[in-house]
Protein chains: 2
Amino acid sequence: MIPNLQTIEIAHERIRPYIHRTPVLTCQTLNQLSGATVYFKCENFQKIGAFKARGGVNAVLSLLEQERQAGRLMGPVVTHSSGNHAQAIAYAASLVGTKAYIVMPHNAPQVKKDAVRGYGAEVIECVPTLEARESTVAEVAAKTGATMLHPFDDYRVIAGQATAAKELIEDYGGFDVVMAPVGGGGLLSGTALSVHYLCPTAQTIGAEPEGAADAVLSFRTGKIEKAPFINTIADGLLTNLGHKTLPIIRQHVSDILLVNDPEIVAAMRLIWERMKIIIEPSCAVPFAALLRNKDTFAGKKVGIILTGGNVDLGKLPF
Amino acid sequence: MIPNLQTIEIAHERIRPYIHRTPVLTCQTLNQLSGATVYFKCENFQKIGAFKARGGVNAVLSLLEQERQAGRLMGPVVTHSSGNHAQAIAYAASLVGTKAYIVMPHNAPQVKKDAVRGYGAEVIECVPTLEARESTVAEVAAKTGATMLHPFDDYRVIAGQATAAKELIEDYGGFDVVMAPVGGGGLLSGTALSVHYLCPTAQTIGAEPEGAADAVLSFRTGKIEKAPFINTIADGLLTNLGHKTLPIIRQHVSDILLVNDPEIVAAMRLIWERMKIIIEPSCAVPFAALLRNKDTFAGKKVGIILTGGNVDLGKLPF
């Protein structure tokens with residue numbers, strides 16, 4: 001069932017001890033530059049360096065409650081991810097002392113594999129295709145009885161991600177627009193729900209790279225579309241929408257804006273240089289979209305979820 | 001007169017509308033790694049990107065008050081700096097609508113000259129030697145009647161810099177140690193005074209690069225010494241102590257610790273990667289000193305002033 005306000009509130013209470021209530025930053029220079037008043041919700045300061053800790057912890061703790069209520073012991077969990085969801089599930093599993101199997105493409109950065117292992121999870125490598133990832137997860141689940149936790153197409157995950165916008169609205173209310181990037185749509189759908197329940201006069205607007213322009217198509221057609229091509233630095237946003245995230249986004253999101261990679265890198269650099277904080281390329285996409293569409297946002301109070309700060313300092317685009 | 005507690009409190013009231021009360025961040029991973037509990041006072045988020053805004057604003061506003069009391073109009077100000085002090089004075093002068101002349105070496109980065117001009121100050125270029133900088137300042141002062149504002153050897157500047165540690169102690173009190181880097185000693189002497197007045201059981205410890213090891217010598221001998229050699233990435237810490245900063249440091253600082261450049265870069269990278277914030281190399285020196293001397297700090301509650309975040313992203317050491 002699509003999370004209602006109470007579900008999101010319960011999720012927030014459930015995960016509160018294990019996540020940071022991240023700060024919200026503003027920057028006069030960026031306000032002048034953009035013509036809007038922007039409140040940046042700093043999920044780059046979140047546990048594991050990204051908002052995904054919220055959804056991951058809510059999913060694992062919800063599963064634990066469900067198993068307890070059924071009189072069962074919590075079993076292992078399994079997922080596939082090359083990025084922040086891997087760390088989120090590894091972190092969440094470590095909190096409840098359960099085993100996590102994380103299927104990762106063998107070419108994932110060593111530092112990410114190490115981070116996952118650092119939480120005590122077991123990394124299982126596979127060929128870097130979606131098919132291989134899904135079949136490996138199925139094998140692990142069959143062999144170990146582990147429960148699969150989907151990175152975004154799961155209402156427990158969506159409710160967890162919704163808590164970022166909930167905090168932003170609680171702390172700084174009265175927004176005209178709240179923006180989030182869109183990959184699989186877990187964050188965007190959760191954000192749209194919190195805005196709908198808690199700040200209903202505000203619009204939720206998604207932002208997506210031109211080099212992974214699937215969500216904008218799905219948003220128009222109502223079907224899960226693939227991007228015409230994949231070529232972007234925003235490597236956290238390559239995924240297609242899911243059957244649970246798409247309907248929420250179609251119902252509660254006003255628009256999805258596109259930006260190109262030079263715009264993403266320029267926005268990322270502005271935030272690094274002016275705000276002195278480290279964000280991932282994927283994270284710069286909404287602010288890039290705001291800068292590209294200044295007229296749309298002129299004079300408005302805009303909340304932006306800064307999604308994460310896990311970058312490889314050895315491979316910077318500037 | 002060496003700032004007393006009241007002087008620092010008045011300075012704080014004076015500058016409060018024009019500076020940020022910067023956040024204090026902690027990081028579990030860095031606590032585990034260091035064995036201490038570290039509170040980072042984020043002056044990299046300060047106006048102009050560095051703590052120098054505090055001293056600069058206090059100096060300019062104090063001068064304004066003095067001139068008003070004497071029934072005079074505020075005249076122009078002049079200083080020399082290749083770095084954050086230049087922006088601090090330009091920013092402070094813009095607040096009171098007075099003209100600022102900033103003498104800068106002609107090889108200073110264009111971005112820094114532009115930033116100074118962005119505040120409406122006039123940049124006057126000179127040969128990159130201390131002699132040329134000082135003689136150019138003298139010429140400008142003679143020609144324009146501008147008042148020279150020293151970057152650190154000025155009690156108004158010292159009282160301004162002291163407000164960073166004052167805020168840190170007010171917000172998180174009960175420290176065992178408070179650390180700051182040392183160049184000319186404006187920040188370190190101000191920090192030591194605030195610790196002495198507001199958290200007298202704590203030690204103040206300075207940190208300095210091996211490649212600019214003058215303060216540690218001056219601290220021992222009681223005379224203003226020069227470094228045996230200059231070669232460090234921490235380019236904000238090359239200056240020698242002054243006649244006003246040295247006695248305060250000798251009286252109220254417990255020790256000055258040295259670190260080498262690889263240690264500085266490693267500490268900087270750790271803070272970037274783990275805390276997701278951007279700091280200058282000079283800014284990483286105290287945390288590098290803590291990591292080098294883990295036994296000394298084990299189990300202690302340590303405050304560290306993160307001094308600034310103005311880095312050239314095109315010239316990173318990693």
# chains A, B, ... in the order shown; residues from 1 in each chain; ligands from 1
>>> residues_around(residues="Gly308 of chain A", least_positions_apart="4", cutoff="6 Å", atoms="only C-alpha atoms", output="PDB file with all heavy atoms, in the first residue's frame")
ATOM      1  N   GLU A  43      21.884  15.422   2.782  1.00  0.00           N
ATOM      2  CA  GLU A  43      21.976  13.977   2.961  1.00  0.00           C
ATOM      3  C   GLU A  43      23.361  13.432   2.601  1.00  0.00           C
ATOM      4  O   GLU A  43      23.647  12.256   2.845  1.00  0.00           O
ATOM      5  CB  GLU A  43      20.887  13.278   2.154  1.00  0.00           C
ATOM      6  CG  GLU A  43      19.494  13.509   2.711  1.00  0.00           C
ATOM      7  CD  GLU A  43      19.318  12.864   4.080  1.00  0.00           C
ATOM      8  OE1 GLU A  43      19.413  11.638   4.176  1.00  0.00           O
ATOM      9  OE2 GLU A  43      19.106  13.610   5.055  1.00  0.00           O
ATOM     10  N   ASN A  44      24.211  14.291   2.042  1.00  0.00           N
ATOM     11  CA  ASN A  44      25.619  13.891   1.896  1.00  0.00           C
ATOM     12  C   ASN A  44      26.284  13.717   3.260  1.00  0.00           C
ATOM     13  O   ASN A  44      27.283  13.019   3.375  1.00  0.00           O
ATOM     14  CB  ASN A  44      26.394  14.912   1.042  1.00  0.00           C
ATOM     15  CG  ASN A  44      26.273  16.328   1.564  1.00  0.00           C
ATOM     16  OD1 ASN A  44      25.245  16.710   2.119  1.00  0.00           O
ATOM     17  ND2 ASN A  44      27.306  17.118   1.378  1.00  0.00           N
ATOM     18  N   GLY A  49      26.915   8.266   4.021  1.00  0.00           N
ATOM     19  CA  GLY A  49      27.171   9.324   3.038  1.00  0.00           C
ATOM     20  C   GLY A  49      26.061   9.535   2.033  1.00  0.00           C
ATOM     21  O   GLY A  49      26.287  10.172   1.002  1.00  0.00           O
ATOM     22  N   ALA A  50      24.860   9.022   2.314  1.00  0.00           N
ATOM     23  CA  ALA A  50      23.766   9.192   1.348  1.00  0.00           C
ATOM     24  C   ALA A  50      22.422   8.891   2.001  1.00  0.00           C
ATOM     25  O   ALA A  50      22.340   8.117   2.963  1.00  0.00           O
ATOM     26  CB  ALA A  50      23.961   8.284   0.131  1.00  0.00           C
ATOM     27  N   ILE A 279      29.649  16.849  -2.714  1.00  0.00           N
ATOM     28  CA  ILE A 279      28.460  16.142  -3.194  1.00  0.00           C
ATOM     29  C   ILE A 279      28.831  15.331  -4.424  1.00  0.00           C
ATOM     30  O   ILE A 279      29.777  15.640  -5.137  1.00  0.00           O
ATOM     31  CB  ILE A 279      27.311  17.118  -3.536  1.00  0.00           C
ATOM     32  CG1 ILE A 279      27.738  18.108  -4.644  1.00  0.00           C
ATOM     33  CG2 ILE A 279      26.825  17.868  -2.305  1.00  0.00           C
ATOM     34  CD1 ILE A 279      26.575  18.814  -5.314  1.00  0.00           C
ATOM     35  N   GLU A 280      28.071  14.277  -4.655  1.00  0.00           N
ATOM     36  CA  GLU A 280      28.250  13.440  -5.838  1.00  0.00           C
ATOM     37  C   GLU A 280      27.698  14.149  -7.074  1.00  0.00           C
ATOM     38  O   GLU A 280      26.805  14.995  -6.945  1.00  0.00           O
ATOM     39  CB  GLU A 280      27.454  12.137  -5.683  1.00  0.00           C
ATOM     40  CG  GLU A 280      27.739  11.354  -4.444  1.00  0.00           C
ATOM     41  CD  GLU A 280      26.769  10.194  -4.235  1.00  0.00           C
ATOM     42  OE1 GLU A 280      25.915   9.967  -5.120  1.00  0.00           O
ATOM     43  OE2 GLU A 280      26.867   9.543  -3.197  1.00  0.00           O
TER      44      GLU A 280
END
>>> interface_residues(of="chain B", to="chain A", cutoff="8 Å", atoms="only C-alpha atoms", output="VMD selection string")
chain B and resid 44 to 45 49 272 to 273 275 to 279 309 to 311 313 to 314 318
>>> write_last_selection(atoms="all heavy atoms", output="CSV table (one decimal), in the first residue's frame")
chain,number,residue,atom,x,y,z
B,44,ASN,N,35.3,26.9,7.7
B,44,ASN,CA,35.3,26.8,6.3
B,44,ASN,C,33.9,27.2,5.7
B,44,ASN,O,33.8,27.6,4.6
B,44,ASN,CB,35.6,25.4,5.8
B,44,ASN,CG,34.8,24.3,6.4
B,44,ASN,OD1,34.3,24.4,7.6
B,44,ASN,ND2,34.5,23.2,5.7
B,45,PHE,N,32.9,27.2,6.6
B,45,PHE,CA,31.6,27.7,6.2
B,45,PHE,C,31.4,29.2,6.5
B,45,PHE,O,30.3,29.7,6.4
B,45,PHE,CB,30.4,26.9,6.9
B,45,PHE,CG,30.4,25.4,6.5
B,45,PHE,CD1,29.8,24.5,7.4
B,45,PHE,CD2,30.9,25.0,5.3
B,45,PHE,CE1,29.7,23.1,7.1
B,45,PHE,CE2,30.8,23.6,5.0
B,45,PHE,CZ,30.2,22.7,5.8
B,49,GLY,N,34.6,32.2,3.4
B,49,GLY,CA,35.2,30.9,3.4
B,49,GLY,C,36.3,30.7,4.4
B,49,GLY,O,37.0,29.7,4.3
B,272,TRP,N,37.8,15.3,4.0
B,272,TRP,CA,37.0,15.4,2.7
B,272,TRP,C,36.1,14.2,2.6
B,272,TRP,O,34.9,14.3,2.3
B,272,TRP,CB,37.9,15.6,1.5
B,272,TRP,CG,38.4,16.9,1.2
B,272,TRP,CD1,39.0,17.7,2.2
B,272,TRP,CD2,38.4,17.6,0.0
B,272,TRP,NE1,39.4,18.9,1.6
B,272,TRP,CE2,39.1,18.9,0.2
B,272,TRP,CE3,38.0,17.4,-1.3
B,272,TRP,CZ2,39.3,19.8,-0.8
B,272,TRP,CZ3,38.2,18.3,-2.3
B,272,TRP,CH2,38.9,19.5,-2.0
B,273,GLU,N,36.7,13.0,2.7
B,273,GLU,CA,36.0,11.7,2.3
B,273,GLU,C,35.0,11.3,3.4
B,273,GLU,O,34.0,10.8,3.1
B,273,GLU,CB,37.0,10.6,2.1
B,273,GLU,CG,37.8,10.7,0.8
B,273,GLU,CD,38.7,9.5,0.5
B,273,GLU,OE1,39.1,8.8,1.5
B,273,GLU,OE2,39.0,9.3,-0.6
B,275,MET,N,33.9,13.4,6.2
B,275,MET,CA,33.0,14.4,6.6
B,275,MET,C,32.3,15.1,5.5
B,275,MET,O,31.3,15.8,5.7
B,275,MET,CB,33.7,15.4,7.5
B,275,MET,CG,34.3,14.7,8.8
B,275,MET,SD,35.1,15.9,9.9
B,275,MET,CE,33.7,16.9,10.4
B,276,LYS,N,32.7,14.8,4.3
B,276,LYS,CA,32.1,15.4,3.1
B,276,LYS,C,32.1,17.0,3.1
B,276,LYS,O,31.2,17.6,2.7
B,276,LYS,CB,30.6,15.0,2.9
B,276,LYS,CG,30.4,13.5,3.2
B,276,LYS,CD,31.1,12.6,2.2
B,276,LYS,CE,30.7,11.2,2.4
B,276,LYS,NZ,31.6,10.3,1.6
B,277,ILE,N,33.2,17.5,3.7
B,277,ILE,CA,33.3,19.0,3.7
B,277,ILE,C,34.7,19.3,3.1
B,277,ILE,O,35.6,18.5,3.1
B,277,ILE,CB,33.2,19.6,5.1
B,277,ILE,CG1,34.3,19.1,6.0
B,277,ILE,CG2,31.8,19.3,5.7
B,277,ILE,CD1,34.3,19.7,7.4
B,278,ILE,N,34.7,20.5,2.5
B,278,ILE,CA,35.9,21.0,1.8
B,278,ILE,C,36.7,21.9,2.7
B,278,ILE,O,36.2,22.9,3.3
B,278,ILE,CB,35.6,21.7,0.5
B,278,ILE,CG1,35.0,20.6,-0.5
B,278,ILE,CG2,36.7,22.5,-0.1
B,278,ILE,CD1,34.5,21.1,-1.8
B,279,ILE,N,38.0,21.5,3.0
B,279,ILE,CA,38.9,22.3,3.8
B,279,ILE,C,40.2,22.6,3.1
B,279,ILE,O,40.6,21.8,2.2
B,279,ILE,CB,39.2,21.6,5.2
B,279,ILE,CG1,39.8,20.3,5.0
B,279,ILE,CG2,37.9,21.5,6.0
B,279,ILE,CD1,40.5,19.7,6.2
B,309,GLY,N,38.0,27.0,3.8
B,309,GLY,CA,37.7,26.1,2.7
B,309,GLY,C,38.0,26.6,1.3
B,309,GLY,O,37.4,26.2,0.4
B,310,ASN,N,38.9,27.6,1.3
B,310,ASN,CA,39.2,28.2,0.0
B,310,ASN,C,40.3,27.4,-0.8
B,310,ASN,O,41.5,27.8,-0.6
B,310,ASN,CB,39.5,29.7,0.1
B,310,ASN,CG,38.3,30.4,0.6
B,310,ASN,OD1,37.2,30.1,0.2
B,310,ASN,ND2,38.5,31.5,1.4
B,311,VAL,N,40.0,26.5,-1.6
B,311,VAL,CA,40.9,25.7,-2.3
B,311,VAL,C,40.7,25.9,-3.8
B,311,VAL,O,39.6,26.1,-4.2
B,311,VAL,CB,40.9,24.2,-2.0
B,311,VAL,CG1,41.4,23.9,-0.6
B,311,VAL,CG2,39.5,23.7,-2.1
B,313,LEU,N,40.1,24.0,-6.9
B,313,LEU,CA,39.8,22.6,-7.2
B,313,LEU,C,40.5,22.1,-8.4
B,313,LEU,O,40.6,20.9,-8.7
B,313,LEU,CB,38.3,22.6,-7.5
B,313,LEU,CG,37.3,22.8,-6.3
B,313,LEU,CD1,35.9,22.7,-6.7
B,313,LEU,CD2,37.6,21.8,-5.2
B,314,GLY,N,41.2,23.0,-9.2
B,314,GLY,CA,42.0,22.6,-10.3
B,314,GLY,C,43.4,22.1,-9.9
B,314,GLY,O,44.1,21.6,-10.7
B,318,PHE,N,45.4,15.3,-4.5
B,318,PHE,CA,45.0,13.9,-4.7
B,318,PHE,C,44.2,13.7,-5.9
B,318,PHE,O,43.7,14.7,-6.5
B,318,PHE,CB,44.3,13.3,-3.5
B,318,PHE,CG,43.4,14.3,-2.7
B,318,PHE,CD1,42.2,14.7,-3.2
B,318,PHE,CD2,43.8,14.7,-1.5
B,318,PHE,CE1,41.4,15.6,-2.5
B,318,PHE,CE2,43.0,15.6,-0.7
B,318,PHE,CZ,41.8,16.0,-1.3
>>> atom_distance(atom1="atom CA of Ala162 of chain A", atom2="atom CA of Ser62 of chain A")
15.2 Å
>>> residues_around(residues="segment 299-302 of chain A", least_positions_apart="5", cutoff="8 Å", atoms="only C-alpha atoms", output="list in words")
Gly35, Ala36, Thr37, Val38, Tyr39, Gly174, Phe175, Asp176, Val177, Val178 and Met179 of chain A
>>> write_last_selection(atoms="all heavy atoms", output="mmCIF file, in the first residue's frame")
data_model
loop_
_atom_site.group_PDB
_atom_site.id
_atom_site.type_symbol
_atom_site.label_atom_id
_atom_site.label_comp_id
_atom_site.auth_asym_id
_atom_site.auth_seq_id
_atom_site.Cartn_x
_atom_site.Cartn_y
_atom_site.Cartn_z
ATOM 1 N N GLY A 35 18.614 33.294 -8.288
ATOM 2 C CA GLY A 35 17.385 34.078 -8.243
ATOM 3 C C GLY A 35 16.297 33.456 -7.386
ATOM 4 O O GLY A 35 15.215 34.007 -7.244
ATOM 5 N N ALA A 36 16.582 32.283 -6.805
ATOM 6 C CA ALA A 36 15.636 31.629 -5.899
ATOM 7 C C ALA A 36 16.239 31.609 -4.492
ATOM 8 O O ALA A 36 17.411 31.933 -4.310
ATOM 9 C CB ALA A 36 15.359 30.203 -6.373
ATOM 10 N N THR A 37 15.425 31.243 -3.497
ATOM 11 C CA THR A 37 15.946 31.041 -2.146
ATOM 12 C C THR A 37 15.985 29.540 -1.908
ATOM 13 O O THR A 37 14.942 28.890 -1.835
ATOM 14 C CB THR A 37 15.042 31.728 -1.107
ATOM 15 O OG1 THR A 37 14.868 33.095 -1.515
ATOM 16 C CG2 THR A 37 15.677 31.694 0.270
ATOM 17 N N VAL A 38 17.197 28.999 -1.824
ATOM 18 C CA VAL A 38 17.345 27.550 -1.867
ATOM 19 C C VAL A 38 17.781 27.003 -0.510
ATOM 20 O O VAL A 38 18.721 27.516 0.105
ATOM 21 C CB VAL A 38 18.369 27.131 -2.943
ATOM 22 C CG1 VAL A 38 18.364 25.609 -3.097
ATOM 23 C CG2 VAL A 38 18.063 27.802 -4.281
ATOM 24 N N TYR A 39 17.078 25.980 -0.038
ATOM 25 C CA TYR A 39 17.417 25.273 1.196
ATOM 26 C C TYR A 39 17.908 23.877 0.816
ATOM 27 O O TYR A 39 17.146 23.075 0.275
ATOM 28 C CB TYR A 39 16.190 25.187 2.105
ATOM 29 C CG TYR A 39 15.766 26.534 2.617
ATOM 30 C CD1 TYR A 39 15.065 27.415 1.803
ATOM 31 C CD2 TYR A 39 16.106 26.952 3.904
ATOM 32 C CE1 TYR A 39 14.702 28.678 2.260
ATOM 33 C CE2 TYR A 39 15.739 28.212 4.367
ATOM 34 C CZ TYR A 39 15.044 29.064 3.542
ATOM 35 O OH TYR A 39 14.695 30.310 3.994
ATOM 36 N N GLY A 174 6.887 25.786 4.322
ATOM 37 C CA GLY A 174 6.441 26.841 3.421
ATOM 38 C C GLY A 174 7.163 26.908 2.085
ATOM 39 O O GLY A 174 7.380 27.992 1.543
ATOM 40 N N PHE A 175 7.518 25.754 1.518
ATOM 41 C CA PHE A 175 8.218 25.770 0.228
ATOM 42 C C PHE A 175 7.242 25.985 -0.930
ATOM 43 O O PHE A 175 6.081 25.577 -0.870
ATOM 44 C CB PHE A 175 8.956 24.439 0.020
ATOM 45 C CG PHE A 175 10.135 24.289 0.925
ATOM 46 C CD1 PHE A 175 10.057 23.497 2.073
ATOM 47 C CD2 PHE A 175 11.314 24.957 0.661
ATOM 48 C CE1 PHE A 175 11.147 23.377 2.920
ATOM 49 C CE2 PHE A 175 12.403 24.839 1.508
ATOM 50 C CZ PHE A 175 12.317 24.058 2.644
ATOM 51 N N ASP A 176 7.769 26.598 -1.996
ATOM 52 C CA ASP A 176 7.032 26.629 -3.261
ATOM 53 C C ASP A 176 7.328 25.371 -4.075
ATOM 54 O O ASP A 176 6.460 24.875 -4.793
ATOM 55 C CB ASP A 176 7.435 27.865 -4.075
ATOM 56 C CG ASP A 176 7.116 29.149 -3.350
ATOM 57 O OD1 ASP A 176 5.947 29.322 -2.931
ATOM 58 O OD2 ASP A 176 8.032 29.970 -3.149
ATOM 59 N N VAL A 177 8.574 24.912 -3.981
ATOM 60 C CA VAL A 177 9.005 23.747 -4.758
ATOM 61 C C VAL A 177 9.964 22.911 -3.904
ATOM 62 O O VAL A 177 10.783 23.471 -3.169
ATOM 63 C CB VAL A 177 9.782 24.177 -6.032
ATOM 64 C CG1 VAL A 177 10.189 22.955 -6.853
ATOM 65 C CG2 VAL A 177 8.971 25.146 -6.885
ATOM 66 N N VAL A 178 9.864 21.598 -4.013
ATOM 67 C CA VAL A 178 10.883 20.708 -3.442
ATOM 68 C C VAL A 178 11.405 19.849 -4.588
ATOM 69 O O VAL A 178 10.620 19.299 -5.373
ATOM 70 C CB VAL A 178 10.327 19.839 -2.302
ATOM 71 C CG1 VAL A 178 11.395 18.884 -1.774
ATOM 72 C CG2 VAL A 178 9.793 20.711 -1.160
ATOM 73 N N MET A 179 12.737 19.771 -4.702
ATOM 74 C CA MET A 179 13.353 19.068 -5.836
ATOM 75 C C MET A 179 14.200 17.884 -5.367
ATOM 76 O O MET A 179 14.863 17.954 -4.326
ATOM 77 C CB MET A 179 14.270 20.016 -6.617
ATOM 78 C CG MET A 179 13.571 21.248 -7.153
ATOM 79 S SD MET A 179 14.712 22.302 -8.107
ATOM 80 C CE MET A 179 14.727 21.439 -9.691
#
>>> residues_around(residues="segment 103-110 of chain A", least_positions_apart="6", cutoff="9 Å", atoms="only C-alpha atoms", output="PyMOL selection string")
chain A and resi 78-83+86+122-129+132-134+136-137+140+312
>>> write_last_selection(atoms="N, CA and C atoms", output="PDB file, in the first residue's frame")
ATOM      1  N   VAL A  78      19.447  -9.997   1.250  1.00  0.00           N
ATOM      2  CA  VAL A  78      20.299  -9.954   0.062  1.00  0.00           C
ATOM      3  C   VAL A  78      19.824  -8.809  -0.835  1.00  0.00           C
ATOM      4  N   THR A  79      20.776  -8.174  -1.507  1.00  0.00           N
ATOM      5  CA  THR A  79      20.422  -7.168  -2.495  1.00  0.00           C
ATOM      6  C   THR A  79      21.550  -7.074  -3.508  1.00  0.00           C
ATOM      7  N   HIS A  80      21.287  -6.354  -4.595  1.00  0.00           N
ATOM      8  CA  HIS A  80      22.384  -6.047  -5.515  1.00  0.00           C
ATOM      9  C   HIS A  80      22.478  -4.546  -5.696  1.00  0.00           C
ATOM     10  N   SER A  81      23.702  -4.061  -5.749  1.00  0.00           N
ATOM     11  CA  SER A  81      23.936  -2.626  -5.880  1.00  0.00           C
ATOM     12  C   SER A  81      25.414  -2.417  -6.123  1.00  0.00           C
ATOM     13  N   SER A  82      25.729  -1.418  -6.937  1.00  0.00           N
ATOM     14  CA  SER A  82      27.136  -1.048  -7.056  1.00  0.00           C
ATOM     15  C   SER A  82      27.407   0.212  -6.250  1.00  0.00           C
ATOM     16  N   GLY A  83      26.386   0.705  -5.560  1.00  0.00           N
ATOM     17  CA  GLY A  83      26.580   2.016  -4.962  1.00  0.00           C
ATOM     18  C   GLY A  83      26.086   2.137  -3.542  1.00  0.00           C
ATOM     19  N   ALA A  86      24.015  -0.579  -1.506  1.00  0.00           N
ATOM     20  CA  ALA A  86      24.815  -1.681  -0.954  1.00  0.00           C
ATOM     21  C   ALA A  86      25.252  -1.350   0.472  1.00  0.00           C
ATOM     22  N   GLU A 122      28.679  -9.690   3.392  1.00  0.00           N
ATOM     23  CA  GLU A 122      29.444 -10.531   2.463  1.00  0.00           C
ATOM     24  C   GLU A 122      29.212 -10.028   1.036  1.00  0.00           C
ATOM     25  N   VAL A 123      30.310  -9.726   0.367  1.00  0.00           N
ATOM     26  CA  VAL A 123      30.218  -9.252  -1.015  1.00  0.00           C
ATOM     27  C   VAL A 123      30.300 -10.452  -1.955  1.00  0.00           C
ATOM     28  N   ILE A 124      29.337 -10.544  -2.867  1.00  0.00           N
ATOM     29  CA  ILE A 124      29.355 -11.605  -3.878  1.00  0.00           C
ATOM     30  C   ILE A 124      29.471 -10.932  -5.236  1.00  0.00           C
ATOM     31  N   GLU A 125      30.562 -11.205  -5.943  1.00  0.00           N
ATOM     32  CA  GLU A 125      30.794 -10.504  -7.203  1.00  0.00           C
ATOM     33  C   GLU A 125      30.124 -11.219  -8.368  1.00  0.00           C
ATOM     34  N   CYS A 126      29.736 -10.429  -9.360  1.00  0.00           N
ATOM     35  CA  CYS A 126      29.123 -11.009 -10.554  1.00  0.00           C
ATOM     36  C   CYS A 126      29.513 -10.174 -11.769  1.00  0.00           C
ATOM     37  N   VAL A 127      29.107 -10.663 -12.936  1.00  0.00           N
ATOM     38  CA  VAL A 127      29.315  -9.932 -14.179  1.00  0.00           C
ATOM     39  C   VAL A 127      28.498  -8.636 -14.117  1.00  0.00           C
ATOM     40  N   PRO A 128      29.029  -7.534 -14.657  1.00  0.00           N
ATOM     41  CA  PRO A 128      28.324  -6.266 -14.502  1.00  0.00           C
ATOM     42  C   PRO A 128      27.163  -6.061 -15.472  1.00  0.00           C
ATOM     43  N   THR A 129      26.165  -6.932 -15.415  1.00  0.00           N
ATOM     44  CA  THR A 129      24.919  -6.705 -16.167  1.00  0.00           C
ATOM     45  C   THR A 129      23.756  -6.847 -15.188  1.00  0.00           C
ATOM     46  N   ALA A 132      22.800 -10.537 -14.771  1.00  0.00           N
ATOM     47  CA  ALA A 132      23.687 -11.302 -13.895  1.00  0.00           C
ATOM     48  C   ALA A 132      23.436 -10.941 -12.437  1.00  0.00           C
ATOM     49  N   ARG A 133      23.205  -9.661 -12.198  1.00  0.00           N
ATOM     50  CA  ARG A 133      22.967  -9.235 -10.824  1.00  0.00           C
ATOM     51  C   ARG A 133      21.699  -9.884 -10.281  1.00  0.00           C
ATOM     52  N   GLU A 134      20.635  -9.857 -11.087  1.00  0.00           N
ATOM     53  CA  GLU A 134      19.362 -10.400 -10.609  1.00  0.00           C
ATOM     54  C   GLU A 134      19.414 -11.917 -10.457  1.00  0.00           C
ATOM     55  N   THR A 136      22.090 -13.675  -9.828  1.00  0.00           N
ATOM     56  CA  THR A 136      22.944 -14.002  -8.685  1.00  0.00           C
ATOM     57  C   THR A 136      22.173 -13.812  -7.375  1.00  0.00           C
ATOM     58  N   VAL A 137      21.386 -12.738  -7.299  1.00  0.00           N
ATOM     59  CA  VAL A 137      20.558 -12.524  -6.109  1.00  0.00           C
ATOM     60  C   VAL A 137      19.606 -13.708  -5.921  1.00  0.00           C
ATOM     61  N   VAL A 140      21.476 -16.655  -4.532  1.00  0.00           N
ATOM     62  CA  VAL A 140      21.816 -16.481  -3.119  1.00  0.00           C
ATOM     63  C   VAL A 140      20.575 -16.673  -2.261  1.00  0.00           C
ATOM     64  N   ASP A 312      34.803   9.560  -5.694  1.00  0.00           N
ATOM     65  CA  ASP A 312      36.189   9.109  -5.743  1.00  0.00           C
ATOM     66  C   ASP A 312      37.065  10.335  -5.992  1.00  0.00           C
TER      67      ASP A 312
END
>>> residues_around(residues="Ala227 of chain A", least_positions_apart="4", cutoff="9 Å", atoms="only C-alpha atoms", output="list of chain:residue names")
A:Glu210, A:Gly211, A:Ala212, A:Ala213, A:Asp214, A:Ala215, A:Val216, A:Leu217, A:Leu238, A:Asn240
>>> residues_around(residues="Pro262 of chain B", least_positions_apart="5", cutoff="10 Å", atoms="only C-alpha atoms", output="list in words")
Thr232, Ile233, Ala267, Met268, Ala288 and Pro317 of chain B
>>> closest_residue(among="B:Leu291, B:Leu246, B:Glu167, B:Ala180", to="Leu30 of chain B", atoms="only C-alpha atoms")
B:Leu291
>>> select_by_dssp(residues="segment 12-225 of chain B", states="strand (DSSP E)", output="ChimeraX atom specification")
/B:24-25,37-42,77-80,100-105,122-126,147-148,177-181,203-209
>>> closest_residue(among="A:Gly97, A:Pro76, A:Gly71, A:Gly160", to="His12 of chain A", atoms="only C-alpha atoms")
A:Gly160
>>> residues_around(residues="Leu257 of chain A", least_positions_apart="6", cutoff="7 Å", atoms="only C-alpha atoms", output="list in words")
Gly206, Ala207, Glu208 and Ala289 of chain A
>>> atom_distance(atom1="atom CA of Ala90 of chain B", atom2="atom CA of Ile102 of chain B")
7.6 Å
>>> select_by_dssp(residues="segment 80-270 of chain A", states="helix (DSSP H, G or I)", output="PyMOL selection string")
chain A and resi 84-96+110-118+130-144+155-172+186-198+210-212+215-221+245-252+261-270
>>> closest_residue(among="B:Asp154, B:Gln161, B:Ala192, B:Ser34", to="Ile15 of chain B", atoms="only C-alpha atoms")
B:Gln161
>>> closest_residue(among="B:Glu225, B:Asp295, B:Glu9, B:Glu263", to="Leu193 of chain B", atoms="only C-alpha atoms")
B:Glu9
>>> atom_distance(atom1="atom CA of Ala202 of chain B", atom2="atom CA of Thr7 of chain B")
20.8 Å
>>> closest_residue(among="B:Val77, B:Ala92, B:Val182, B:Leu33", to="Gly236 of chain B", atoms="only C-alpha atoms")
B:Val182
>>> closest_residue(among="B:Ala141, B:Ile205, B:Val285, B:Ala159", to="Glu13 of chain B", atoms="only C-alpha atoms")
B:Ala159
